[in-house]
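The file input_7.csv contains CSV, C-alpha atoms:
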chain,number,residue,atom,x,y,z
A,1,MET,CA,-4.3,10.6,24.6
A,2,ASN,CA,-6.7,10.3,21.6
A,3,PHE,CA,-4.9,9.4,18.4
A,4,GLY,CA,-8.1,9.3,16.4
A,5,PRO,CA,-7.9,6.8,13.5
A,6,ILE,CA,-4.0,6.6,13.5
A,7,ALA,CA,-4.0,3.2,15.2
A,8,SER,CA,-6.4,1.8,12.7
A,9,ILE,CA,-4.8,3.2,9.6
A,10,THR,CA,-1.2,2.5,10.4
A,11,PRO,CA,-1.1,-1.2,9.5
A,12,LEU,CA,-3.2,-0.4,6.4
A,13,ALA,CA,-0.7,2.2,5.2
A,14,LEU,CA,2.2,-0.2,5.9
A,15,GLY,CA,0.3,-2.8,3.7
A,16,VAL,CA,0.2,-0.3,0.9
A,17,ALA,CA,3.9,0.6,1.4
A,18,ILE,CA,4.8,-3.1,0.8
A,19,SER,CA,4.2,-3.0,-2.9
A,20,PRO,CA,7.1,-4.7,-4.7
A,21,LEU,CA,6.4,-3.4,-8.2
A,22,PRO,CA,6.7,0.4,-7.5
A,23,VAL,CA,9.5,-0.2,-5.0
A,24,VAL,CA,11.5,-2.2,-7.5
A,25,GLY,CA,10.6,0.3,-10.2
A,26,ILE,CA,12.0,3.2,-8.2
A,27,LEU,CA,15.2,1.2,-7.4
A,28,VAL,CA,15.6,0.6,-11.2
A,29,LEU,CA,15.3,4.3,-11.9
A,30,LEU,CA,17.8,5.1,-9.2
A,31,LEU,CA,20.4,2.9,-11.0
A,32,THR,CA,19.9,4.8,-14.4
A,33,LYS,CA,21.0,8.1,-15.8
A,34,GLY,CA,18.9,11.0,-14.5
A,35,ALA,CA,18.2,9.0,-11.3
A,36,ARG,CA,17.4,12.1,-9.2
A,37,VAL,CA,14.7,13.6,-11.4
A,38,ASN,CA,13.2,10.3,-12.6
A,39,SER,CA,12.9,9.0,-9.0
A,40,LEU,CA,11.3,12.2,-7.7
A,41,VAL,CA,8.8,12.1,-10.6
A,42,MET,CA,7.9,8.5,-9.8
A,43,LEU,CA,7.7,9.2,-6.1
A,44,ALA,CA,5.4,12.3,-6.8
A,45,CYS,CA,3.1,10.1,-8.9
A,46,TRP,CA,2.9,7.5,-6.1
A,47,VAL,CA,2.0,10.2,-3.5
A,48,VAL,CA,-0.6,11.8,-5.8
A,49,GLY,CA,-2.1,8.5,-6.6
A,50,ASN,CA,-2.5,7.6,-2.9
A,51,MET,CA,-3.9,11.0,-2.1
A,52,LEU,CA,-6.5,10.7,-4.8
A,53,THR,CA,-7.5,7.2,-3.9
A,54,LEU,CA,-7.7,8.1,-0.2
A,55,GLY,CA,-9.7,11.3,-0.9
A,56,VAL,CA,-12.3,9.3,-2.9
A,57,ALA,CA,-12.4,6.7,-0.2
A,58,VAL,CA,-13.1,9.3,2.5
A,59,LEU,CA,-15.8,10.9,0.4
A,60,PHE,CA,-17.4,7.5,-0.2
A,61,ALA,CA,-17.2,6.6,3.5
A,62,GLY,CA,-18.7,9.9,4.5
A,63,ARG,CA,-21.9,8.8,2.9
A,64,ILE,CA,-22.2,5.9,5.4
A,65,PRO,CA,-24.9,7.0,8.0
A,66,GLN,CA,-23.5,7.6,11.5
A,67,PRO,CA,-25.4,6.0,14.3
A,68,ARG,CA,-27.2,8.2,16.8
A,69,HIS,CA,-26.0,6.3,19.8
A,70,GLY,CA,-22.8,4.3,20.5
A,71,THR,CA,-19.5,4.5,18.6
A,72,ASP,CA,-19.7,1.5,16.3
A,73,MET,CA,-21.0,1.6,12.7
A,74,PRO,CA,-22.3,-1.8,11.6
A,75,ALA,CA,-21.8,-0.9,8.0
A,76,GLU,CA,-18.2,-0.1,8.7
A,77,TRP,CA,-17.5,-3.4,10.4
A,78,LEU,CA,-19.3,-5.3,7.7
A,79,PHE,CA,-17.1,-3.5,5.1
A,80,ALA,CA,-14.0,-4.4,7.2
A,81,LEU,CA,-15.1,-8.0,7.4
A,82,ALA,CA,-15.7,-8.2,3.7
A,83,ILE,CA,-12.3,-6.6,2.9
A,84,GLY,CA,-10.5,-8.9,5.4
A,85,LEU,CA,-12.0,-12.0,3.8
A,86,ALA,CA,-11.1,-10.7,0.4
A,87,LEU,CA,-7.5,-10.1,1.4
A,88,ILE,CA,-7.2,-13.7,2.8
A,89,ALA,CA,-8.7,-15.1,-0.4
A,90,MET,CA,-6.2,-13.1,-2.5
A,91,ALA,CA,-3.3,-14.4,-0.4
A,92,ALA,CA,-4.5,-18.0,-0.7
A,93,ILE,CA,-5.1,-17.7,-4.5
A,94,SER,CA,-1.6,-16.3,-5.0
A,95,TRP,CA,0.1,-19.0,-2.8
A,96,PHE,CA,-1.7,-21.9,-4.4
A,97,GLY,CA,-1.1,-20.5,-7.8
A,98,ARG,CA,2.6,-20.3,-7.2
A,99,LYS,CA,2.6,-23.8,-5.5
A,100,ASP,CA,1.0,-25.4,-8.5
A,101,LYS,CA,3.3,-23.8,-11.1
A,102,PRO,CA,6.6,-25.2,-12.2
A,103,GLY,CA,9.3,-22.9,-10.9
A,104,GLY,CA,6.8,-21.3,-8.5
A,105,GLY,CA,9.6,-19.9,-6.4
A,106,GLU,CA,10.9,-17.7,-9.3
A,107,PRO,CA,10.1,-14.0,-9.3
A,108,PRO,CA,6.8,-13.0,-11.2
A,109,ALA,CA,7.4,-12.3,-14.9
A,110,TRP,CA,5.8,-8.9,-14.6
A,111,LEU,CA,8.4,-8.0,-11.9
A,112,SER,CA,11.3,-9.1,-14.0
A,113,ARG,CA,10.2,-6.8,-16.9
A,114,VAL,CA,10.8,-3.8,-14.6
A,115,ASP,CA,14.5,-4.0,-15.5
A,116,ASP,CA,13.7,-2.2,-18.8
A,117,LEU,CA,11.6,0.5,-17.1
A,118,THR,CA,11.6,4.0,-18.6
A,119,PRO,CA,11.0,7.3,-16.6
A,120,TRP,CA,7.5,7.6,-18.0
A,121,GLY,CA,6.9,3.9,-17.3
A,122,GLY,CA,7.9,4.5,-13.7
A,123,ALA,CA,5.4,7.3,-13.3
A,124,VAL,CA,2.6,5.2,-14.8
A,125,ILE,CA,3.4,2.2,-12.6
A,126,ALA,CA,3.5,4.4,-9.5
A,127,PHE,CA,0.2,6.1,-10.2
A,128,SER,CA,-1.6,3.0,-11.5
A,129,ASN,CA,-0.4,0.8,-8.6
A,130,ALA,CA,-1.6,3.4,-6.1
A,131,THR,CA,-5.0,3.7,-7.7
A,132,THR,CA,-5.9,0.4,-9.3
A,133,SER,CA,-4.0,-2.4,-7.4
A,134,PRO,CA,-6.7,-4.6,-5.7
A,135,LYS,CA,-4.6,-4.8,-2.5
A,136,ASN,CA,-3.9,-1.1,-2.3
A,137,LEU,CA,-7.5,-0.2,-3.2
A,138,ALA,CA,-8.9,-2.5,-0.5
A,139,LEU,CA,-6.5,-1.1,2.2
A,140,THR,CA,-7.1,2.5,1.2
A,141,LEU,CA,-10.9,2.2,1.1
A,142,THR,CA,-10.8,0.7,4.6
A,143,ALA,CA,-8.5,3.5,5.8
A,144,GLY,CA,-10.9,6.0,4.2
A,145,VAL,CA,-13.8,4.6,6.3
A,146,ALA,CA,-11.8,4.9,9.5
A,147,ILE,CA,-10.7,8.5,8.7
A,148,ALA,CA,-14.2,9.6,7.6
A,149,ARG,CA,-15.5,8.9,11.2
A,150,THR,CA,-13.4,11.9,12.4
A,151,ALA,CA,-15.7,14.8,13.1
A,152,SER,CA,-13.4,17.7,12.4
A,153,PRO,CA,-11.8,18.5,9.0
A,154,VAL,CA,-8.4,19.1,10.6
A,155,PRO,CA,-8.0,15.5,12.0
A,156,ILE,CA,-9.2,14.2,8.7
A,157,ILE,CA,-6.5,16.1,6.8
A,158,THR,CA,-3.7,15.2,9.3
A,159,SER,CA,-4.8,11.6,9.3
A,160,GLY,CA,-4.8,11.6,5.5
A,161,VAL,CA,-1.3,13.1,5.3
A,162,TYR,CA,0.0,10.6,7.9
A,163,TYR,CA,-1.5,7.7,5.9
A,164,VAL,CA,0.1,8.8,2.6
A,165,ALA,CA,3.4,9.4,4.4
A,166,VAL,CA,3.5,5.9,5.9
A,167,ALA,CA,2.3,4.4,2.6
A,168,SER,CA,5.3,6.1,0.9
A,169,THR,CA,8.0,5.0,3.3
A,170,LEU,CA,9.5,2.2,1.1
A,171,MET,CA,9.5,4.6,-1.9
A,172,VAL,CA,11.1,7.5,0.1
A,173,ILE,CA,13.9,5.5,1.8
A,174,PRO,CA,15.8,4.5,-1.3
A,175,VAL,CA,15.4,7.9,-2.8
A,176,VAL,CA,16.8,9.6,0.3
A,177,PHE,CA,19.5,7.0,0.5
A,178,TYR,CA,20.6,7.7,-3.0
A,179,PHE,CA,20.5,11.5,-2.6
A,180,VAL,CA,22.7,11.2,0.5
A,181,GLY,CA,25.1,8.5,-0.7
A,182,GLY,CA,25.2,9.3,-4.4
A,183,GLU,CA,27.1,6.8,-6.6
A,184,ARG,CA,28.4,5.0,-3.4
A,185,SER,CA,24.8,3.8,-2.8
A,186,VAL,CA,24.5,2.0,-6.1
A,187,ALA,CA,25.8,-1.3,-4.8
A,188,VAL,CA,23.4,-1.3,-1.8
A,189,LEU,CA,20.4,-0.3,-4.0
A,190,THR,CA,21.3,-3.2,-6.4
A,191,ARG,CA,21.2,-5.7,-3.5
A,192,TRP,CA,17.9,-4.3,-2.3
A,193,LYS,CA,16.4,-4.7,-5.8
A,194,SER,CA,17.6,-8.3,-6.1
A,195,ARG,CA,16.2,-9.4,-2.7
A,196,ILE,CA,12.8,-7.7,-3.2
A,197,THR,CA,12.5,-9.2,-6.6
A,198,ALA,CA,13.4,-12.7,-5.4
A,199,HIS,CA,10.8,-12.6,-2.5
A,200,ALA,CA,8.1,-10.3,-4.0
A,201,SER,CA,5.3,-12.8,-4.1
A,202,ALA,CA,6.0,-14.1,-0.5
A,203,PHE,CA,6.0,-10.5,0.8
A,204,ILE,CA,2.7,-9.7,-0.7
A,205,GLU,CA,1.1,-13.0,0.5
A,206,ILE,CA,2.2,-12.4,4.0
A,207,VAL,CA,1.0,-8.9,4.1
A,208,LEU,CA,-2.4,-9.8,2.6
A,209,LEU,CA,-2.8,-12.7,5.1
A,210,VAL,CA,-1.8,-10.8,8.2
A,211,ILE,CA,-3.9,-7.7,7.5
A,212,GLY,CA,-6.8,-9.8,6.2
A,213,ILE,CA,-6.9,-11.9,9.4
A,214,ALA,CA,-6.6,-8.8,11.6
A,215,MET,CA,-9.5,-7.0,9.7
A,216,THR,CA,-11.7,-10.2,9.7
A,217,VAL,CA,-11.2,-10.7,13.5
A,218,ARG,CA,-11.8,-7.0,14.2
A,219,GLY,CA,-15.0,-6.9,12.1
A,220,LEU,CA,-16.4,-10.1,13.7
A,221,MET,CA,-15.6,-8.9,17.2
A,222,ASN,CA,-17.4,-5.6,16.7
A,223,LEU,CA,-20.3,-7.1,14.8
A,224,LEU,CA,-20.9,-9.8,17.5
A,225,GLY,CA,-19.8,-7.8,20.5
For this file, write the structure as structure tokens.
Amino acid sequence: MNFGPIASITPLALGVAISPLPVVGILVLLLTKGARVNSLVMLACWVVGNMLTLGVAVLFAGRIPQPRHGTDMPAEWLFALAIGLALIAMAAISWFGRKDKPGGGEPPAWLSRVDDLTPWGGAVIAFSNATTSPKNLALTLTAGVAIARTASPVPIITSGVYYVAVASTLMVIPVVFYFVGGERSVAVLTRWKSRITAHASAFIEIVLLVIGIAMTVRGLMNLLG
């Protein structure tokens, strides 16, 4: 069975989903007054931001010339190789930066400030993180290249919807959990927030490193094969 670009874009979407700042942000909003409306607004901004970024990426990738023979696009694999190396470099810079700082195991200061997040601030964080985060931009641009290779508009749309859905899983899960559990879910959501905050940097570094290595190896294999 041909799953089109699904196999290629799934790990990329998961990499976008593991974004501690918006995830912690939506957990904070779920612990405040007006949690239902505020969390849905933030989730909607995250979805719209990812759809917009992916749409631009697909349009950009559509301008890459398709080869007349064969299935590989050298420009695509060069792009994947470059993005893979960039992700590895980002992981290394983050890790060495934490290692050299006193108290490097502490949560990033920007993540701690999310505790004072307002509903409008949550919406801005969700949209801006989806559209301007270097990690998310790199992953979404790569996904756009893979999706753009699909010949028919229908698979392009379904692949795009799938990508955004997977990229939104860690935002959707706490919202659904709160809507189902109500006030009884507050204690669990608080624990989730504390654990994600404590290990945010390590989560990001692992994701960057794993996906970066996978993309680098794939790009090299296709370029040299």
Inset, instruction - Please identify all polymer residues lying at most 12 Å from the point (-7.0, 12.1, 3.8) (file coordinates), using only C-alpha atoms, and present the result as a PyMOL selection string. - result: chain A and resi 5-6+9+13+47-48+50-59+61-62+140-141+143-150+153-165
Inset, instruction - Calculate how many Å separate atom CA of A:Arg195 from atom CA of A:Leu27, rounding to one decimal. - result: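 Atom CA of A:Leu27 lies 11.6 Å from atom CA of A:Arg195.
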Inset, instruction - Write out as a PyMOL selection string each polymer residue whose atoms come within 12 Å of A:Gly121, counting only C-alpha atoms; drop sequence neighbours fewer than 4 positions from it. - result: chain A and resi 21-22+25-26+28-29+38-39+41-42+45+113-117+125-129
Inset, instruction - Pick out the closest residue to A:Val207 from this set: A:Thr142, A:Ser194, A:Thr10, A:Ser19. Count all atoms listed in the file. - result: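 For A:Val207, the nearest of the given residues is A:Ser19.
Going from atom CA of A:Asn136 over to atom CA of A:Gly84, you cover 12.8 Å.
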Legend entry - Residues near A:Ser94, cut-off 10 Å, all atoms listed in the file, skip fewer than 3 positions along chain, as an NGL selection string: :A and (88-91 or 97-99 or 201-202 or 204-205)
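The nearest approach to A:Gly49 among the residues A:Phe203, A:Ser185, A:Thr32, A:Ser168, with all atoms listed in the file taken into account, belongs to A:Ser168.
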Restricted to N, CA and C atoms, what does stretch 118-165 of chain A look like when written out as a PDB file, in the first residue's frame?
ATOM      1  N   THR A 118      -1.229  35.289  29.801  1.00  0.00           N
ATOM      2  CA  THR A 118      -2.607  35.737  29.612  1.00  0.00           C
ATOM      3  C   THR A 118      -3.203  35.019  28.407  1.00  0.00           C
ATOM      4  N   PRO A 119      -4.537  35.035  28.263  1.00  0.00           N
ATOM      5  CA  PRO A 119      -5.144  34.387  27.084  1.00  0.00           C
ATOM      6  C   PRO A 119      -4.588  34.915  25.763  1.00  0.00           C
ATOM      7  N   TRP A 120      -4.441  36.238  25.646  1.00  0.00           N
ATOM      8  CA  TRP A 120      -3.887  36.798  24.418  1.00  0.00           C
ATOM      9  C   TRP A 120      -2.428  36.390  24.239  1.00  0.00           C
ATOM     10  N   GLY A 121      -1.700  36.343  25.340  1.00  0.00           N
ATOM     11  CA  GLY A 121      -0.317  35.900  25.272  1.00  0.00           C
ATOM     12  C   GLY A 121      -0.208  34.463  24.801  1.00  0.00           C
ATOM     13  N   GLY A 122      -1.138  33.626  25.242  1.00  0.00           N
ATOM     14  CA  GLY A 122      -1.157  32.235  24.789  1.00  0.00           C
ATOM     15  C   GLY A 122      -1.378  32.125  23.296  1.00  0.00           C
ATOM     16  N   ALA A 123      -2.294  32.939  22.786  1.00  0.00           N
ATOM     17  CA  ALA A 123      -2.566  32.915  21.344  1.00  0.00           C
ATOM     18  C   ALA A 123      -1.336  33.346  20.556  1.00  0.00           C
ATOM     19  N   VAL A 124      -0.665  34.385  21.045  1.00  0.00           N
ATOM     20  CA  VAL A 124       0.541  34.884  20.358  1.00  0.00           C
ATOM     21  C   VAL A 124       1.648  33.840  20.402  1.00  0.00           C
ATOM     22  N   ILE A 125       1.841  33.211  21.565  1.00  0.00           N
ATOM     23  CA  ILE A 125       2.886  32.194  21.689  1.00  0.00           C
ATOM     24  C   ILE A 125       2.629  31.035  20.738  1.00  0.00           C
ATOM     25  N   ALA A 126       1.384  30.568  20.684  1.00  0.00           N
ATOM     26  CA  ALA A 126       1.057  29.432  19.826  1.00  0.00           C
ATOM     27  C   ALA A 126       1.322  29.750  18.358  1.00  0.00           C
ATOM     28  N   PHE A 127       0.826  30.904  17.910  1.00  0.00           N
ATOM     29  CA  PHE A 127       0.983  31.254  16.489  1.00  0.00           C
ATOM     30  C   PHE A 127       2.440  31.534  16.142  1.00  0.00           C
ATOM     31  N   SER A 128       3.122  32.289  16.995  1.00  0.00           N
ATOM     32  CA  SER A 128       4.508  32.652  16.686  1.00  0.00           C
ATOM     33  C   SER A 128       5.433  31.440  16.769  1.00  0.00           C
ATOM     34  N   ASN A 129       5.176  30.533  17.705  1.00  0.00           N
ATOM     35  CA  ASN A 129       6.021  29.348  17.820  1.00  0.00           C
ATOM     36  C   ASN A 129       5.847  28.446  16.610  1.00  0.00           C
ATOM     37  N   ALA A 130       4.633  28.378  16.082  1.00  0.00           N
ATOM     38  CA  ALA A 130       4.383  27.555  14.903  1.00  0.00           C
ATOM     39  C   ALA A 130       5.001  28.156  13.646  1.00  0.00           C
ATOM     40  N   THR A 131       5.120  29.487  13.609  1.00  0.00           N
ATOM     41  CA  THR A 131       5.548  30.147  12.374  1.00  0.00           C
ATOM     42  C   THR A 131       6.969  30.683  12.393  1.00  0.00           C
ATOM     43  N   THR A 132       7.565  30.849  13.573  1.00  0.00           N
ATOM     44  CA  THR A 132       8.897  31.468  13.617  1.00  0.00           C
ATOM     45  C   THR A 132       9.936  30.658  14.388  1.00  0.00           C
ATOM     46  N   SER A 133       9.550  29.624  15.130  1.00  0.00           N
ATOM     47  CA  SER A 133      10.532  28.817  15.849  1.00  0.00           C
ATOM     48  C   SER A 133      11.488  28.162  14.854  1.00  0.00           C
ATOM     49  N   PRO A 134      12.805  28.325  15.017  1.00  0.00           N
ATOM     50  CA  PRO A 134      13.751  27.718  14.063  1.00  0.00           C
ATOM     51  C   PRO A 134      13.563  26.216  13.909  1.00  0.00           C
ATOM     52  N   LYS A 135      13.330  25.531  15.028  1.00  0.00           N
ATOM     53  CA  LYS A 135      13.109  24.077  14.961  1.00  0.00           C
ATOM     54  C   LYS A 135      11.871  23.746  14.140  1.00  0.00           C
ATOM     55  N   ASN A 136      10.775  24.401  14.464  1.00  0.00           N
ATOM     56  CA  ASN A 136       9.523  24.094  13.775  1.00  0.00           C
ATOM     57  C   ASN A 136       9.556  24.517  12.310  1.00  0.00           C
ATOM     58  N   LEU A 137      10.202  25.631  12.032  1.00  0.00           N
ATOM     59  CA  LEU A 137      10.322  26.069  10.633  1.00  0.00           C
ATOM     60  C   LEU A 137      11.116  25.052   9.818  1.00  0.00           C
ATOM     61  N   ALA A 138      12.236  24.582  10.374  1.00  0.00           N
ATOM     62  CA  ALA A 138      13.072  23.623   9.652  1.00  0.00           C
ATOM     63  C   ALA A 138      12.303  22.332   9.372  1.00  0.00           C
ATOM     64  N   LEU A 139      11.589  21.834  10.381  1.00  0.00           N
ATOM     65  CA  LEU A 139      10.848  20.586  10.213  1.00  0.00           C
ATOM     66  C   LEU A 139       9.688  20.753   9.242  1.00  0.00           C
ATOM     67  N   THR A 140       8.971  21.862   9.339  1.00  0.00           N
ATOM     68  CA  THR A 140       7.813  22.076   8.464  1.00  0.00           C
ATOM     69  C   THR A 140       8.236  22.323   7.022  1.00  0.00           C
ATOM     70  N   LEU A 141       9.341  23.039   6.821  1.00  0.00           N
ATOM     71  CA  LEU A 141       9.847  23.235   5.457  1.00  0.00           C
ATOM     72  C   LEU A 141      10.222  21.900   4.825  1.00  0.00           C
ATOM     73  N   THR A 142      10.836  21.031   5.613  1.00  0.00           N
ATOM     74  CA  THR A 142      11.207  19.713   5.109  1.00  0.00           C
ATOM     75  C   THR A 142       9.966  18.892   4.779  1.00  0.00           C
ATOM     76  N   ALA A 143       8.953  18.978   5.636  1.00  0.00           N
ATOM     77  CA  ALA A 143       7.699  18.273   5.363  1.00  0.00           C
ATOM     78  C   ALA A 143       7.034  18.814   4.106  1.00  0.00           C
ATOM     79  N   GLY A 144       7.112  20.130   3.914  1.00  0.00           N
ATOM     80  CA  GLY A 144       6.525  20.730   2.722  1.00  0.00           C
ATOM     81  C   GLY A 144       7.166  20.219   1.449  1.00  0.00           C
ATOM     82  N   VAL A 145       8.484  19.998   1.483  1.00  0.00           N
ATOM     83  CA  VAL A 145       9.186  19.453   0.320  1.00  0.00           C
ATOM     84  C   VAL A 145       8.681  18.048   0.010  1.00  0.00           C
ATOM     85  N   ALA A 146       8.497  17.229   1.061  1.00  0.00           N
ATOM     86  CA  ALA A 146       8.018  15.860   0.854  1.00  0.00           C
ATOM     87  C   ALA A 146       6.583  15.837   0.333  1.00  0.00           C
ATOM     88  N   ILE A 147       5.737  16.694   0.882  1.00  0.00           N
ATOM     89  CA  ILE A 147       4.331  16.728   0.468  1.00  0.00           C
ATOM     90  C   ILE A 147       4.187  17.258  -0.952  1.00  0.00           C
ATOM     91  N   ALA A 148       5.021  18.217  -1.318  1.00  0.00           N
ATOM     92  CA  ALA A 148       4.922  18.835  -2.645  1.00  0.00           C
ATOM     93  C   ALA A 148       5.203  17.851  -3.772  1.00  0.00           C
ATOM     94  N   ARG A 149       5.873  16.748  -3.476  1.00  0.00           N
ATOM     95  CA  ARG A 149       6.188  15.767  -4.510  1.00  0.00           C
ATOM     96  C   ARG A 149       4.962  14.960  -4.911  1.00  0.00           C
ATOM     97  N   THR A 150       3.879  15.024  -4.114  1.00  0.00           N
ATOM     98  CA  THR A 150       2.654  14.298  -4.441  1.00  0.00           C
ATOM     99  C   THR A 150       2.008  14.942  -5.656  1.00  0.00           C
ATOM    100  N   ALA A 151       1.656  14.127  -6.632  1.00  0.00           N
ATOM    101  CA  ALA A 151       1.186  14.651  -7.914  1.00  0.00           C
ATOM    102  C   ALA A 151      -0.216  15.238  -7.836  1.00  0.00           C
ATOM    103  N   SER A 152      -1.121  14.626  -7.072  1.00  0.00           N
ATOM    104  CA  SER A 152      -2.520  15.034  -7.058  1.00  0.00           C
ATOM    105  C   SER A 152      -2.816  15.967  -5.896  1.00  0.00           C
ATOM    106  N   PRO A 153      -3.738  16.939  -6.095  1.00  0.00           N
ATOM    107  CA  PRO A 153      -4.077  17.861  -5.011  1.00  0.00           C
ATOM    108  C   PRO A 153      -4.683  17.179  -3.789  1.00  0.00           C
ATOM    109  N   VAL A 154      -5.443  16.096  -3.989  1.00  0.00           N
ATOM    110  CA  VAL A 154      -6.102  15.434  -2.866  1.00  0.00           C
ATOM    111  C   VAL A 154      -5.090  14.860  -1.878  1.00  0.00           C
ATOM    112  N   PRO A 155      -4.091  14.080  -2.333  1.00  0.00           N
ATOM    113  CA  PRO A 155      -3.076  13.606  -1.379  1.00  0.00           C
ATOM    114  C   PRO A 155      -2.310  14.743  -0.707  1.00  0.00           C
ATOM    115  N   ILE A 156      -2.111  15.840  -1.408  1.00  0.00           N
ATOM    116  CA  ILE A 156      -1.427  16.980  -0.802  1.00  0.00           C
ATOM    117  C   ILE A 156      -2.241  17.515   0.368  1.00  0.00           C
ATOM    118  N   ILE A 157      -3.556  17.646   0.155  1.00  0.00           N
ATOM    119  CA  ILE A 157      -4.427  18.171   1.212  1.00  0.00           C
ATOM    120  C   ILE A 157      -4.501  17.200   2.387  1.00  0.00           C
ATOM    121  N   THR A 158      -4.698  15.915   2.093  1.00  0.00           N
ATOM    122  CA  THR A 158      -4.812  14.928   3.171  1.00  0.00           C
ATOM    123  C   THR A 158      -3.494  14.805   3.946  1.00  0.00           C
ATOM    124  N   SER A 159      -2.377  14.865   3.239  1.00  0.00           N
ATOM    125  CA  SER A 159      -1.073  14.814   3.917  1.00  0.00           C
ATOM    126  C   SER A 159      -0.876  16.039   4.797  1.00  0.00           C
ATOM    127  N   GLY A 160      -1.315  17.192   4.294  1.00  0.00           N
ATOM    128  CA  GLY A 160      -1.205  18.416   5.078  1.00  0.00           C
ATOM    129  C   GLY A 160      -2.054  18.369   6.338  1.00  0.00           C
ATOM    130  N   VAL A 161      -3.284  17.873   6.205  1.00  0.00           N
ATOM    131  CA  VAL A 161      -4.163  17.746   7.372  1.00  0.00           C
ATOM    132  C   VAL A 161      -3.569  16.771   8.382  1.00  0.00           C
ATOM    133  N   TYR A 162      -3.034  15.672   7.868  1.00  0.00           N
ATOM    134  CA  TYR A 162      -2.405  14.674   8.747  1.00  0.00           C
ATOM    135  C   TYR A 162      -1.224  15.287   9.490  1.00  0.00           C
ATOM    136  N   TYR A 163      -0.390  16.032   8.778  1.00  0.00           N
ATOM    137  CA  TYR A 163       0.794  16.635   9.392  1.00  0.00           C
ATOM    138  C   TYR A 163       0.396  17.579  10.519  1.00  0.00           C
ATOM    139  N   VAL A 164      -0.565  18.460  10.251  1.00  0.00           N
ATOM    140  CA  VAL A 164      -0.990  19.428  11.272  1.00  0.00           C
ATOM    141  C   VAL A 164      -1.632  18.711  12.463  1.00  0.00           C
ATOM    142  N   ALA A 165      -2.391  17.633  12.186  1.00  0.00           N
ATOM    143  CA  ALA A 165      -3.023  16.880  13.270  1.00  0.00           C
ATOM    144  C   ALA A 165      -1.983  16.259  14.188  1.00  0.00           C
TER     145      ALA A 165
END
